[in-house]
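Enquirer: This is the structure, below, for whatever I ask next.
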Amino acid sequence: MRKCSASDGLLIVFAIPNGREESRVGLSVSRRYGKAVQRVRWKRLVREAFRHTIHQIDGPAMDVVIVPGRFRRSDFMPDFQESLQKLLPTVAKKLKRAIINPEV
């Protein structure tokens, strides 16, 4: 299987096909991002943004890991939704290509 990634200044998204009917999300936030309260808030907002966005994606079911980007921070869910609306289709497209042409 082939993993794919995409990023903007706000989020980094890694994905791999999971062979299931639903996509799943995992979040990884280091201590460098802030104290526990800030990290948990970030996770809650991104998880909710993922829940609202994933149904719009046309592609294979995938396991997604989301990491905060280095260049920009935000505490607003619309920013995360906007970022995921750009990144998830990009990753899904890359996964489709990887599934069709596994040698590439």
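Labeling convention for the structure tokens: chains A, B, ... as they appear, residues from 1 per chain, ligands from 1 in order of appearance.
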For segment 64-67 of chain A, find every residue with an atom within 10 Å (counting only C-alpha atoms), except residues of its own chain fewer than 2 positions away, and show them as an NGL selection string.
Expert: :A and (3-7 or 10-18 or 23-30 or 43 or 46-47 or 50 or 61-62 or 69-70 or 84 or 88 or 91)
Enquirer: Which parts of segment 1-96 of chain A does DSSP call strand (DSSP E) when run on the backbone here, written out as a compact mmCIF listing (two decimals) with C-alpha atoms, in the first residue's frame?
Expert:
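Full text of states-v9.txt as output:
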```
# COMPACT_ATOMS: atom_id res chain seq x y z
CA CYS A 4 0.24 9.99 0.52
CA SER A 5 0.47 13.41 2.08
CA ALA A 6 -0.51 17.02 1.50
CA SER A 7 -0.02 20.18 3.49
CA LEU A 11 -2.28 21.32 8.61
CA ILE A 12 -0.27 18.36 7.35
CA VAL A 13 -2.38 15.37 6.26
CA PHE A 14 -1.03 11.84 5.81
CA ALA A 15 -3.30 9.12 4.40
CA ILE A 16 -3.27 5.46 3.45
CA PRO A 17 -6.13 3.32 2.08
CA ARG A 24 -10.79 7.18 10.16
CA VAL A 25 -8.79 10.03 11.63
CA GLY A 26 -5.84 10.17 13.99
CA LEU A 27 -4.32 13.33 15.43
CA MET A 62 -8.63 5.98 4.18
CA ASP A 63 -6.84 6.26 7.49
CA VAL A 64 -5.84 9.89 7.95
CA VAL A 65 -3.31 11.34 10.38
CA ILE A 66 -3.44 15.10 10.84
CA VAL A 67 -0.58 17.13 12.31
CA PRO A 68 -0.44 20.89 12.91
```
Enquirer: Hey, which of A:Ala36, A:Ala92, A:Met77, A:Ile99 ends up closest to His52 of chain A? Count only C-alpha atoms.
Expert: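 Among A:Ala36, A:Ala92, A:Met77, A:Ile99, it is A:Met77 that comes nearest to His52 of chain A.
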Enquirer: Under the rule that only C-alpha atoms are counted, which of A:Arg2, A:Leu45, A:Asp8, A:Asp58 is the nearest residue to Ser83 of chain A?
Expert: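 Ranking A:Arg2, A:Leu45, A:Asp8, A:Asp58 by distance to Ser83 of chain A, first place goes to A:Asp8.
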Enquirer: Go ahead and compute the interatomic distance for atom CA of Arg32 of chain A and atom CA of Phe80 of chain A, in Å to one decimal.
Expert: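 That distance, rounded to one decimal, is 19.2 Å.
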Enquirer: One number please: atom CA of Leu87 of chain A to atom CA of Gly9 of chain A, in Å, one decimal.
Expert: 11.2 Å
Enquirer: Can you list, as JSON, numbers by chain, all residues belonging to chain A that DSSP tags as alpha helix (DSSP H)?
Expert: {"A": [36, 37, 38, 39, 40, 41, 42, 43, 44, 45, 46, 47, 48, 49, 50, 51, 52, 53, 77, 78, 79, 80, 81, 82, 83, 84, 85, 86, 87, 88, 89, 90, 91, 92, 93, 94, 95, 96, 97, 98, 99, 100]}
Enquirer: Would you mind telling me which residue in A:Arg97, A:Gln81, A:Lys86, A:Ser74 lies nearest to Arg39 of chain A when using only C-alpha atoms?
Expert: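 Of A:Arg97, A:Gln81, A:Lys86, A:Ser74, the one nearest Arg39 of chain A, counting only C-alpha atoms, is A:Ser74.
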Enquirer: What gap, in Å, lies between atom CA of Ala98 of chain A and atom CA of Glu22 of chain A?
Expert: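 Taking atom CA of Ala98 of chain A and atom CA of Glu22 of chain A, their separation equals 18.8 Å.
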